[in-house]
Structure formats: C-alpha cells, structure tokens
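Below: run-v4.tsv (TSV, C-alpha atoms and all ligand atoms)
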chain	number	residue	atom	x	y	z
K	13	MET	CA	39.62	-17.48	9.59
K	14	ARG	CA	37.50	-15.56	12.10
K	15	ILE	CA	38.47	-17.94	14.88
K	16	ALA	CA	42.12	-17.53	13.99
K	17	ALA	CA	41.78	-13.76	14.08
K	18	ALA	CA	39.98	-13.91	17.44
K	19	LEU	CA	42.69	-16.14	18.88
K	20	ARG	CA	45.40	-13.79	17.64
K	21	LEU	CA	43.49	-10.83	19.13
K	22	ALA	CA	43.30	-12.60	22.47
K	23	ARG	CA	47.04	-13.35	22.33
K	24	ASP	CA	48.07	-9.84	21.27
K	25	GLY	CA	46.16	-7.85	23.86
K	26	ASP	CA	43.21	-7.49	26.19
K	27	VAL	CA	40.20	-7.99	23.89
K	28	ARG	CA	37.70	-6.50	26.33
K	29	SER	CA	39.78	-3.39	26.89
K	30	ARG	CA	40.27	-2.95	23.16
K	31	LEU	CA	36.55	-3.26	22.53
K	32	ALA	CA	35.79	-0.82	25.37
K	33	ALA	CA	38.37	1.66	24.04
K	34	ALA	CA	36.95	1.36	20.52
K	35	ARG	CA	33.42	1.95	21.80
K	36	ASP	CA	34.52	4.96	23.86
K	37	GLY	CA	36.54	6.30	20.94
K	38	GLN	CA	33.61	6.03	18.56
K	39	ALA	CA	31.36	7.88	21.01
K	40	ALA	CA	33.99	10.64	21.25
K	41	VAL	CA	34.17	10.84	17.44
K	42	ARG	CA	30.36	10.99	17.20
K	43	VAL	CA	30.23	13.93	19.64
K	44	ALA	CA	33.10	15.78	17.91
K	45	ALA	CA	31.63	15.30	14.43
K	46	ALA	CA	28.11	16.38	15.41
K	47	ALA	CA	29.48	19.40	17.30
K	48	ALA	CA	31.53	20.34	14.21
K	49	GLY	CA	28.37	20.01	12.12
K	50	LEU	CA	26.78	22.59	14.41
K	51	ARG	CA	29.81	24.86	14.85
K	52	THR	CA	30.44	25.15	11.11
K	53	GLY	CA	26.77	25.87	10.44
K	54	LEU	CA	26.57	22.83	8.11
K	55	LEU	CA	23.65	21.21	9.94
K	56	ASP	CA	21.77	24.51	10.00
K	57	LEU	CA	22.42	24.88	6.27
K	58	LEU	CA	21.06	21.37	5.64
K	59	GLY	CA	18.04	22.35	7.72
K	60	GLN	CA	17.19	24.97	5.10
K	61	GLY	CA	16.43	22.26	2.51
K	62	PRO	CA	18.05	19.74	0.17
K	63	ALA	CA	21.23	20.86	-1.57
K	64	THR	CA	24.15	19.37	-3.47
K	65	THR	CA	27.64	19.32	-1.97
K	66	SER	CA	28.63	21.97	-4.45
K	67	ALA	CA	25.72	24.27	-3.53
K	68	LEU	CA	26.46	23.84	0.19
K	69	ALA	CA	30.12	24.75	-0.41
K	70	THR	CA	29.15	27.82	-2.42
K	71	ARG	CA	26.71	29.05	0.23
K	72	ARG	CA	29.35	28.87	2.97
K	73	GLY	CA	32.22	30.02	0.75
K	74	TRP	CA	34.09	26.75	1.33
K	75	SER	CA	36.65	25.80	-1.32
K	76	ASP	CA	37.40	22.12	-0.50
K	77	GLU	CA	34.36	20.29	-1.88
K	78	SER	CA	35.94	16.89	-1.60
K	79	LEU	CA	36.59	17.34	2.15
K	80	LEU	CA	33.02	18.63	2.55
K	81	GLU	CA	31.68	15.54	0.75
K	82	SER	CA	33.65	13.35	3.17
K	83	PHE	CA	32.33	15.34	6.16
K	84	LEU	CA	28.76	14.90	4.86
K	85	GLN	CA	29.32	11.15	4.41
K	86	THR	CA	30.46	11.00	8.05
K	87	LEU	CA	27.37	12.92	9.21
K	88	ALA	CA	25.33	10.41	7.21
K	89	GLN	CA	26.96	7.51	9.07
K	90	LEU	CA	26.10	9.30	12.31
K	91	GLY	CA	22.47	9.27	11.22
K	92	LEU	CA	22.23	13.06	10.97
K	93	ALA	CA	22.17	13.53	7.18
K	94	ARG	CA	21.31	11.54	4.09
K	95	THR	CA	21.65	11.92	0.36
K	96	SER	CA	19.02	11.33	-2.27
K	97	ARG	CA	19.54	11.91	-6.03
K	98	GLY	CA	22.70	13.88	-5.34
K	99	GLN	CA	21.01	16.22	-2.83
K	100	TRP	CA	21.89	16.26	0.86
K	101	GLN	CA	19.27	16.71	3.55
K	102	LEU	CA	18.79	16.15	7.26
K	103	THR	CA	17.43	12.89	8.62
K	104	ARG	CA	14.76	12.92	11.32
K	105	ARG	CA	17.51	12.80	13.96
K	106	GLY	CA	19.39	15.60	12.27
K	107	ARG	CA	16.23	17.73	12.35
K	108	SER	CA	15.76	17.00	16.04
K	109	VAL	CA	19.31	18.22	16.80
K	110	LEU	CA	18.20	21.56	15.37
K	111	ALA	CA	14.71	21.52	16.85
K	112	ASP	CA	15.61	20.50	20.42
K	113	ASP	CA	17.98	23.07	21.87
K	114	VAL	CA	18.93	20.74	24.75
K	115	VAL	CA	20.35	18.25	22.21
K	116	ARG	CA	22.30	21.05	20.51
K	117	ALA	CA	23.57	22.30	23.89
K	118	MET	CA	24.67	18.76	24.82
K	119	TYR	CA	26.81	18.40	21.70
K	120	GLU	CA	28.28	21.87	22.20
K	121	ALA	CA	29.01	21.27	25.90
K	122	PHE	CA	30.36	17.72	25.67
K	123	ASP	CA	32.64	18.70	22.79
K	124	GLY	CA	33.59	21.89	24.63
K	125	TYR	CA	34.06	22.64	28.30
K	126	HIS	CA	33.00	19.19	29.55
K	127	THR	CA	36.00	17.56	27.83
K	128	GLY	CA	38.38	20.53	27.37
K	129	LEU	CA	39.60	20.17	30.91
K	130	TYR	CA	40.98	16.67	30.26
K	131	ARG	CA	43.08	17.92	27.33
K	132	GLU	CA	44.69	20.49	29.61
K	133	VAL	CA	44.58	18.81	33.01
K	134	GLU	CA	48.32	18.16	33.12
K	135	LYS	CA	49.08	21.89	33.21
K	136	GLN	CA	46.78	22.21	36.19
K	137	LEU	CA	48.20	19.16	37.93
K	138	SER	CA	51.54	20.94	37.78
K	139	GLY	CA	50.07	24.01	39.52
K	140	GLY	CA	48.72	25.85	36.46
K	141	ASP	CA	45.90	28.37	36.74
K	142	GLY	CA	42.31	27.33	37.30
K	143	ARG	CA	39.84	27.23	34.44
K	144	HIS	CA	37.06	29.69	33.59
K	145	ASP	CA	34.59	27.34	31.88
K	146	VAL	CA	31.73	28.18	34.22
K	147	ALA	CA	32.29	31.92	33.95
K	148	GLU	CA	32.68	31.79	30.17
K	149	ASN	CA	29.83	29.42	29.31
K	150	GLY	CA	26.95	30.82	31.35
K	151	GLN	CA	24.46	30.77	28.52
K	152	LEU	CA	25.43	27.27	27.34
K	153	ILE	CA	25.22	25.97	30.93
K	154	ALA	CA	21.77	27.53	31.31
K	155	ARG	CA	20.65	25.88	28.05
K	156	LEU	CA	22.14	22.53	29.08
K	157	SER	CA	20.49	22.67	32.51
K	158	ARG	CA	17.13	22.50	30.77
K	159	ALA	CA	17.82	18.76	30.33
K	160	MET	CA	17.01	18.42	34.04
K	161	ASP	CA	13.85	20.56	33.86
K	162	PRO	CA	11.33	17.68	33.84
K	163	PHE	CA	12.76	16.24	37.07
K	164	VAL	CA	13.00	19.59	38.85
K	165	THR	CA	9.57	20.61	37.58
K	166	ASP	CA	8.03	17.39	38.79
K	167	PHE	CA	9.53	17.84	42.26
K	168	LEU	CA	8.56	21.53	42.37
K	169	THR	CA	4.98	20.77	41.39
K	170	HIS	CA	4.53	18.72	44.57
K	171	GLN	CA	6.15	21.41	46.72
K	172	LEU	CA	4.06	24.17	45.16
K	173	GLN	CA	0.85	22.27	45.90
K	174	THR	CA	1.89	22.06	49.57
K	175	VAL	CA	3.34	25.54	50.02
K	176	GLN	CA	0.98	27.55	47.76
K	177	PRO	CA	3.44	30.45	47.69
K	178	ARG	CA	2.64	34.15	47.24
K	179	ALA	CA	6.23	35.20	46.56
K	180	VAL	CA	8.92	33.01	45.05
K	181	LEU	CA	12.64	33.61	44.56
K	182	ASP	CA	14.75	31.61	42.09
K	183	ILE	CA	18.48	32.02	42.82
K	184	GLY	CA	20.72	31.30	39.82
K	185	CYS	CA	17.59	31.18	37.66
K	186	GLY	CA	19.50	30.49	34.42
K	187	ALA	CA	17.11	30.60	31.46
K	188	GLY	CA	14.15	31.09	33.81
K	189	SER	CA	12.33	27.78	33.26
K	190	HIS	CA	11.69	27.05	36.93
K	191	LEU	CA	10.62	30.60	37.70
K	192	VAL	CA	8.10	30.38	34.86
K	193	HIS	CA	6.87	27.00	36.11
K	194	MET	CA	6.43	28.27	39.68
K	195	LEU	CA	4.48	31.32	38.50
K	196	ARG	CA	2.26	29.18	36.28
K	197	MET	CA	1.53	26.83	39.18
K	198	ALA	CA	0.89	29.71	41.59
K	199	PRO	CA	-1.22	32.19	39.62
K	200	ASP	CA	-1.42	34.72	42.48
K	201	ALA	CA	2.30	34.73	43.21
K	202	SER	CA	4.95	37.20	42.20
K	203	GLY	CA	8.46	36.03	41.40
K	204	THR	CA	12.05	37.19	41.32
K	205	GLY	CA	14.97	35.54	39.58
K	206	ILE	CA	18.58	36.35	40.44
K	207	GLU	CA	21.16	35.53	37.79
K	208	SER	CA	24.83	36.56	37.61
K	209	ASP	CA	25.44	35.73	33.95
K	210	SER	CA	24.14	38.52	31.74
K	211	ALA	CA	23.45	36.27	28.73
K	212	ALA	CA	21.50	33.81	30.91
K	213	ALA	CA	19.65	36.71	32.59
K	214	ALA	CA	18.67	37.95	29.12
K	215	LEU	CA	17.32	34.46	28.27
K	216	ALA	CA	15.30	34.48	31.50
K	217	ARG	CA	13.86	37.95	30.79
K	218	THR	CA	12.83	36.89	27.29
K	219	ARG	CA	11.30	33.66	28.59
K	220	VAL	CA	9.30	35.44	31.30
K	221	SER	CA	8.02	37.99	28.84
K	222	ASP	CA	7.26	35.38	26.11
K	223	GLU	CA	5.14	33.55	28.69
K	224	GLY	CA	3.19	36.74	29.45
K	225	LEU	CA	4.49	36.81	33.02
K	226	ALA	CA	6.55	40.03	32.94
K	227	HIS	CA	3.98	41.83	35.14
K	228	ARG	CA	4.50	39.25	37.91
K	229	ALA	CA	8.22	38.60	37.63
K	230	GLY	CA	11.50	40.47	37.68
K	231	ILE	CA	14.99	39.28	36.84
K	232	VAL	CA	17.77	40.82	38.90
K	233	GLU	CA	21.14	40.56	37.21
K	234	GLY	CA	23.98	40.14	39.66
K	235	ASP	CA	25.80	37.86	42.06
K	236	VAL	CA	23.38	36.63	44.72
K	237	ARG	CA	26.07	37.22	47.35
K	238	GLN	CA	25.71	40.94	46.66
K	239	THR	CA	22.14	41.33	45.42
K	240	LEU	CA	20.41	39.44	48.25
K	241	GLY	CA	21.80	41.82	50.88
K	242	SER	CA	20.17	44.81	49.23
K	243	MET	CA	16.76	43.14	48.85
K	244	THR	CA	14.02	43.87	51.37
K	245	ASP	CA	11.30	41.54	50.05
K	246	SER	CA	10.54	38.29	51.79
K	247	PHE	CA	9.52	35.04	50.12
K	248	ASP	CA	7.66	31.91	51.09
K	249	LEU	CA	9.49	29.72	48.57
K	250	VAL	CA	13.14	30.08	47.58
K	251	LEU	CA	14.70	27.79	44.98
K	252	LEU	CA	18.41	27.21	44.46
K	253	ALA	CA	18.51	24.77	41.54
K	254	ASN	CA	21.85	23.54	40.27
K	255	MET	CA	23.82	26.49	41.57
K	256	ILE	CA	25.01	25.81	45.14
K	257	TYR	CA	28.12	24.04	43.83
K	258	TYR	CA	29.33	27.23	42.15
K	259	LEU	CA	29.98	28.76	45.57
K	260	PRO	CA	33.12	28.03	47.57
K	261	VAL	CA	32.27	25.63	50.40
K	262	GLY	CA	33.08	28.30	53.01
K	263	GLU	CA	30.50	30.67	51.50
K	264	ARG	CA	27.58	28.23	51.43
K	265	VAL	CA	26.41	28.62	55.04
K	266	PRO	CA	26.66	32.46	54.93
K	267	LEU	CA	24.61	32.47	51.71
K	268	LEU	CA	22.01	30.05	53.08
K	269	ARG	CA	21.81	32.21	56.23
K	270	ALA	CA	21.20	35.30	54.06
K	271	VAL	CA	18.57	33.29	52.16
K	272	ALA	CA	16.92	32.22	55.45
K	273	GLU	CA	16.63	35.90	56.42
K	274	ARG	CA	14.58	36.53	53.28
K	275	VAL	CA	12.26	33.56	53.95
K	276	GLN	CA	9.07	34.06	55.93
K	277	ARG	CA	8.61	31.93	59.05
K	278	GLY	CA	7.28	28.55	57.95
K	279	GLY	CA	8.54	29.27	54.42
K	280	THR	CA	10.51	26.80	52.35
K	281	VAL	CA	13.94	26.67	50.77
K	282	VAL	CA	14.41	24.05	48.04
K	283	VAL	CA	17.94	23.12	47.02
K	284	VAL	CA	18.38	20.97	43.92
K	285	THR	CA	21.87	19.74	43.16
K	286	THR	CA	23.92	17.03	41.58
K	287	ALA	CA	25.27	15.26	44.64
K	288	LEU	CA	28.79	13.98	45.05
K	289	THR	CA	28.46	10.21	44.71
K	290	ASP	CA	30.47	7.47	43.06
K	291	ALA	CA	28.42	7.75	39.84
K	292	MET	CA	30.72	8.45	36.89
K	293	PHE	CA	29.01	11.70	35.92
K	294	SER	CA	29.05	12.95	39.50
K	295	ARG	CA	32.81	12.36	39.77
K	296	HIS	CA	33.43	13.96	36.36
K	297	PHE	CA	31.32	17.01	37.24
K	298	ASP	CA	33.06	17.38	40.60
K	299	LEU	CA	36.44	17.31	38.82
K	300	LEU	CA	35.22	19.88	36.30
K	301	LEU	CA	34.14	22.16	39.18
K	302	ARG	CA	37.35	21.67	41.15
K	303	ALA	CA	39.35	22.58	38.02
K	304	GLN	CA	37.66	26.01	37.94
K	305	THR	CA	38.96	29.21	39.45
K	306	GLY	CA	36.76	29.96	42.45
K	307	ASP	CA	36.89	26.94	44.73
K	308	MET	CA	33.85	25.06	43.40
K	309	GLU	CA	32.89	21.45	44.16
K	310	LEU	CA	29.85	19.19	44.45
K	311	PRO	CA	28.33	18.73	47.90
K	312	THR	CA	27.53	15.40	49.48
K	313	LEU	CA	23.92	15.32	50.64
K	314	ALA	CA	25.08	14.98	54.26
K	315	ASP	CA	27.19	18.15	53.91
K	316	LEU	CA	24.30	20.03	52.33
K	317	SER	CA	21.96	18.99	55.10
K	318	GLY	CA	24.49	20.18	57.70
K	319	GLN	CA	24.91	23.52	55.90
K	320	LEU	CA	21.15	24.12	55.79
K	321	ARG	CA	20.94	23.36	59.52
K	322	ALA	CA	23.90	25.64	60.27
K	323	ALA	CA	22.03	28.41	58.42
K	324	GLY	CA	19.11	28.09	60.84
K	325	LEU	CA	16.86	26.06	58.53
K	326	ALA	CA	15.27	22.67	59.22
K	327	PRO	CA	16.16	20.34	56.33
K	328	GLY	CA	14.05	17.32	55.40
K	329	ARG	CA	15.32	14.08	53.93
K	330	PRO	CA	17.01	14.44	50.54
K	331	ARG	CA	15.24	12.90	47.56
K	332	ARG	CA	16.84	11.54	44.42
K	333	ILE	CA	14.69	13.07	41.70
K	334	ALA	CA	16.09	11.53	38.50
K	335	MET	CA	16.19	7.77	38.21
K	336	GLY	CA	19.77	6.51	38.03
K	337	GLU	CA	21.22	10.04	38.13
K	338	PRO	CA	22.87	11.74	41.14
K	339	LEU	CA	20.38	14.64	40.99
K	340	ALA	CA	18.82	15.30	44.39
K	341	ALA	CA	16.46	17.79	46.00
K	342	MET	CA	16.34	18.86	49.60
K	343	MET	CA	13.59	20.89	51.21
K	344	ALA	CA	14.23	22.97	54.30
K	345	THR	CA	11.79	25.10	56.26
K	346	ARG	CA	12.40	28.21	58.28
K	347	PRO	CA	11.23	27.42	61.81
B	401	LIG	C1	23.56	25.24	36.10
B	401	LIG	S1	22.72	26.75	35.94
B	401	LIG	C2	21.13	26.30	36.57
B	401	LIG	C3	20.05	27.21	36.07
B	401	LIG	C4	18.66	26.89	36.67
B	401	LIG	N1	18.62	27.14	38.07
B	401	LIG	C5	18.29	25.47	36.41
B	401	LIG	O1	18.33	24.65	37.31
B	401	LIG	O2	17.99	25.17	35.24
B	401	LIG	C6	23.35	27.68	37.30
B	401	LIG	C7	23.06	29.13	37.16
B	401	LIG	O3	23.42	29.80	38.36
B	401	LIG	C8	24.05	31.02	38.02
B	401	LIG	N2	24.90	31.43	39.14
B	401	LIG	C9	26.01	30.80	39.57
B	401	LIG	N3	26.54	31.44	40.62
B	401	LIG	C10	25.73	32.50	40.87
B	401	LIG	C11	25.75	33.54	41.81
B	401	LIG	N4	26.73	33.62	42.73
B	401	LIG	N5	24.77	34.47	41.79
B	401	LIG	C12	23.79	34.39	40.85
B	401	LIG	N6	23.72	33.41	39.91
B	401	LIG	C13	24.68	32.49	39.91
B	401	LIG	C14	24.83	30.68	36.76
B	401	LIG	O4	25.15	31.82	36.00
B	401	LIG	C15	23.87	29.75	36.04
B	401	LIG	O5	23.01	30.42	35.16
Is it possible to express this structure as structure tokens?
Amino acid sequence: MRIAAALRLARDGDVRSRLAAARDGQAAVRVAAAAAGLRTGLLDLLGQGPATTSALATRRGWSDESLLESFLQTLAQLGLARTSRGQWQLTRRGRSVLADDVVRAMYEAFDGYHTGLYREVEKQLSGGDGRHDVAENGQLIARLSRAMDPFVTDFLTHQLQTVQPRAVLDIGCGAGSHLVHMLRMAPDASGTGIESDSAAAALARTRVSDEGLAHRAGIVEGDVRQTLGSMTDSFDLVLLANMIYYLPVGERVPLLRAVAERVQRGGTVVVVTTALTDAMFSRHFDLLLRAQTGDMELPTLADLSGQLRAAGLAPGRPRRIAMGEPLAAMMATRP
C-alpha cells in the first residue's frame, strides 16, 4: 500500500519539491500561529496560570469558544501549550517565549515586516512606493538585534581590552546593550549613544539607568547625520553596529568622514554589519532593505573597507563574528 502510494506520488509530481514545500509551509504556519498567540495576548494569558478554555474566553471577552479551543489545540501541537484535567497552561517552551524577549521579537518580526514585503512585492515591482518597515518598527528591530548581542559583545570585549577607551560613542545604539557592555568593560569611560528612533532611544535610556550607568552615559535622540555635526566631544572608540545599511550608499563615506573627525588620533571605529553574501538570510535582508523608502542596502565587505578608507580611516581585515552567519566586524583606526 505504502509503496503504491509512493510510486503514485513519484508519478504525479516532484516528491522532493513537495516535501520541501510542505516543510516550508509548516514552518510558516508555526511562525504565524505563535505570533497570533502573542498578538492576541493568549500566550500572556496562559502565562498567568492554568485556566479552562471557557475562563480564557471570558477573560478576553471572546465569544467563539470552539474556535479558541481549536487555536489552543494548535498551540499545543506547536509545543507552546498543554492541557491537563481540562485546564490549559504553558509548556516550558511556551514560558520561554514569554521570558526571552528575543524569541518574542523573532516571532513578531518574522510574522510581520520580515515577510510582509513578499505579500506586497508585486506592487513595488510595478513601480509602487517604497516600504516603511524600518521607520515603523524601530523598537522591534532594536529588540530583535539583541539576538546578535553575544557575537558583537564577544568581538567588542577583545577590542576594549586593546583600546582601553576613555570615551565611547555608539551610533544607532538601539536598546543600548553595546553601550552598556562597553561602559561595564571600561569603568573609567564615559559614553554617548545616538539613536534616531524615539522608542528605541527610550529603551536605551531605561537600560542605561537600570544598569546604574546614567551618570556616565547619555543618549542623544536624533539622526546621526544631524546630531554628529553639532557634537564637539571626541572619542577613542566609536561603534556603528548593525546600522550602516540604513544609510543610502552615497551618504556612507560622508558619515564615516564625520565620524572620523570625532575620533582621536589613533582611535578606533568598529563597524558591525550583516554583509552582502550569497547566504539566504543575507539576500533576504538585502531585498528587505532595498524595498524600503530611503535607498538602503547591505554592503559587501570590500565596499565597506573602501568606504572606511575613503573617509580617511585605516581599515583592518574584516572578521566574520557569528559562525555560519553573514555577520561581520571591521575595525578601522584614525591615523
Ligand atoms: C538594527 S538596530 C541595531 C541596534 C544596535 N546597534 C545593535 O547592534 O543591537 C539599528 C539602529 O540604528 C538606528 N538608526 C538607523 N539609522 C540611524 C540614523 N541615521 N541615526 C541614528 N540612528 C539610526 C535605528 O533606529 C536602530 O535602532
């Protein structure tokens, strides 16, 4: 019977492609269902303790209990929820979706702006307007970027030991993780973060103050292309982590030149970026950027090196800092 079915499958279509499509489809369903569990508040509700379907419906004011039961059964098959004696509760994985904000941000982002562009790409291919995902999702992007923190932190730790900075600048500081790390590693240093998204800047301010570093750090809210010009301080370490690709290519050298002017002689500029490579995520991310209003795209490492040089800096060799991922760091010094 099974052999007959397999033979028929092989005759009717491309078995491998069907299996690949089914696997991809199931991953897409998993992301959409988990994101809906978050968006509706159902997972958060389950996080408050065991409850029956009926009690969950009452608490949220939902009228369709049978649809809710089916949704819960799906979350159970995803490994996020389970039922015991008629009461629903989170599994260990479900609890970790709530406890680890990077996991939550991943579901929100991959169900949202990371895939939204594909649903609407045809309009753009026909000359439709560019997207505003980056401008509209600043806080989510800052939260998602924390997934890369361990790699960036590890790289920065080595640089900080070499440079031993007294004044650090974090451009596009997002939620402030790297600024906090640099200040922890350099206890005598002061720090400045520049962040254009007000929600992300607020996250950074809270983070800096929660860490007891507010007396050594300031967050400047604004576009670095404007704010840097009005700054008079100079720094011995400047970080641009995961932000260079938000600038139009033509504005990268002018910005890096303005950065170089704020760096002391012998000081260091560190650029961390996803590089344009043939890795699937790199190509996807580059497409996402190119679909935005504002002329964004990923740099190749050769281009980045040339831009740093054109800005009067002396770049070193790029380093891939996350195994198997196109995340790279490049250090440049001001001669
Ligand atoms: C992907 S996040 C990275 C955050 C952080 N640097 C990190 O690596 O975790 C990029 C951040 O740069 C900010 N940004 C982008 N363009 C900027 C600009 N022109 N001036 C200041 N901040 C900018 C964004 O708002 C966002 O918070």
inquiry  = Using only C-alpha atoms - which residues lie no farther than 12 Å from the point (25.0, 18.7, -2.3) in the file's frame? Write them as a ChimeraX atom specification.
reply    = /K:54,57-58,61-71,77-78,80-85,93-102
Given 6 Å and all atoms listed in the file, residues near ligand LIG 401 (chain B) as an MDAnalysis selection string = chainID K and resid 150 153:154 157:158 184:186 206:209 212 234:237 253:255 258
Give one line per residue of stretch 165-273 of chain K that approaches stretch 318-326 of chain K to at most 7 Å, naming the two atoms of the closest pair and their distance in Å to one decimal, counting only C-alpha atoms; sort by chain then ascending residue number and deliver it as a Markdown table.
| residue | atom | partner | partner_atom | distance |
| --- | --- | --- | --- | --- |
| K:Val265 | CA | K:Gln319 | CA | 5.4 |
| K:Leu268 | CA | K:Ala323 | CA | 5.6 |
| K:Arg269 | CA | K:Ala323 | CA | 4.4 |
| K:Ala272 | CA | K:Leu325 | CA | 6.9 |
key: Point-to-point distance in Å for atom CA of K:Tyr125 and atom CA of K:Thr165   =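 Between atom CA of K:Thr165 and atom CA of K:Tyr125 the gap works out to 26.3 Å.
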request  = Rank nothing, just name the residue among K:Glu148, K:Leu251, K:Met292, K:His227 nearest to K:Leu191, using all atoms listed in the file.
outcome  = K:Leu251
task = Quote the spacing between atom CA of K:Tyr130 and atom CA of K:Arg143 in Å to one decimal place.
result = 11.4 Å
Just give me the residues with any atom within 10 Å of (13.3, 44.5, 41.0), file coordinates, counting all atoms listed in the file, written as an mmCIF file with C-alpha atoms, keeping the file's coordinate frame.
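Contents of point.cif, freshly written:
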data_model
loop_
_atom_site.group_PDB
_atom_site.id
_atom_site.type_symbol
_atom_site.label_atom_id
_atom_site.label_comp_id
_atom_site.auth_asym_id
_atom_site.auth_seq_id
_atom_site.Cartn_x
_atom_site.Cartn_y
_atom_site.Cartn_z
ATOM 1 C CA GLY K 203 8.460 36.030 41.400
ATOM 2 C CA THR K 204 12.050 37.190 41.320
ATOM 3 C CA GLY K 205 14.970 35.540 39.580
ATOM 4 C CA ILE K 206 18.580 36.350 40.440
ATOM 5 C CA ALA K 229 8.220 38.600 37.630
ATOM 6 C CA GLY K 230 11.500 40.470 37.680
ATOM 7 C CA ILE K 231 14.990 39.280 36.840
ATOM 8 C CA VAL K 232 17.770 40.820 38.900
ATOM 9 C CA GLU K 233 21.140 40.560 37.210
ATOM 10 C CA MET K 243 16.760 43.140 48.850
ATOM 11 C CA ASP K 245 11.300 41.540 50.050
#
task = For K:Phe297, please output as an NGL selection string all residues within 12 Å (counting only C-alpha atoms; exclusion window: fewer than 2 positions along the same chain).
result = :K and (122 or 125-127 or 129-130 or 146 or 254 or 257-258 or 285-295 or 299-304 or 308-311 or 338-339)
task = Mind giving me the straight-line distance from atom CA of K:Gly59 to atom CA of K:Leu79 in Å, one decimal?
result = 20.0 Å
inquiry  = Neighbouring residues of K:Pro330 were defined as those with any atom within 7 Å, considering only C-alpha atoms; residues of the same chain fewer than 6 positions away were excluded. Please report them as number ranges by chain.
reply    = K: 313, 340-342
query = Near K:Glu223, counting only C-alpha atoms, which residues have an atom at most 12 Å away, once you skip same-chain residues fewer than 4 positions from it, shown as a list in words?
reply =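 Listed by chain and then number, they are Gly188, Ser189, Leu191, Val192, His193, Leu195, Arg196, Ala216, Arg217, Thr218, Arg219, His227, Arg228 and Ala229 of chain K.
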Please save C-alpha atoms of the selected residues as a short mmCIF file (atom, residue, chain, number, x, y, z; two decimals), keeping the file's coordinate frame.
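Ended up saving to selection.cif:
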data_model
loop_
_atom_site.label_atom_id
_atom_site.label_comp_id
_atom_site.auth_asym_id
_atom_site.auth_seq_id
_atom_site.Cartn_x
_atom_site.Cartn_y
_atom_site.Cartn_z
CA GLY K 188 14.15 31.09 33.81
CA SER K 189 12.33 27.78 33.26
CA LEU K 191 10.62 30.60 37.70
CA VAL K 192 8.10 30.38 34.86
CA HIS K 193 6.87 27.00 36.11
CA LEU K 195 4.48 31.32 38.50
CA ARG K 196 2.26 29.18 36.28
CA ALA K 216 15.30 34.48 31.50
CA ARG K 217 13.86 37.95 30.79
CA THR K 218 12.83 36.89 27.29
CA ARG K 219 11.30 33.66 28.59
CA HIS K 227 3.98 41.83 35.14
CA ARG K 228 4.50 39.25 37.91
CA ALA K 229 8.22 38.60 37.63
#
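Minimum distance to K:Val284 across K:Leu316, K:Val41, K:Ala33, K:Ala147 (counting all atoms listed in the file) occurs at K:Leu316.
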ask   = Restricting the calculation to only C-alpha atoms, which member of K:Leu215, K:Ala198, K:Ile15, K:Ala159 is positioned closest to K:Arg178?
value =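 Using only C-alpha atoms, the shortest distance to K:Arg178 belongs to K:Ala198.
You can rank K:Gln151, K:Leu172, K:Pro162, K:His144 by their closest distance to K:Ser210 using only C-alpha atoms, and at the top of that list sits K:Gln151.
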task = Would you mind listing what lies within 7 Å of K:Ala344 as a list in words, with all atoms listed in the file counted and same-chain residues fewer than 6 positions away left out?
result =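 Counting all atoms listed in the file, the residues come to Thr280, Val281, Val282, Leu325, Ala326, Pro327 and Gly328 of chain K.
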key: Nearby residues (all atoms listed in the file) at most 6 Å from K:Val180, same-chain spacing under 4 positions excluded, as a ChimeraX atom specification   = /K:203,247,249-250
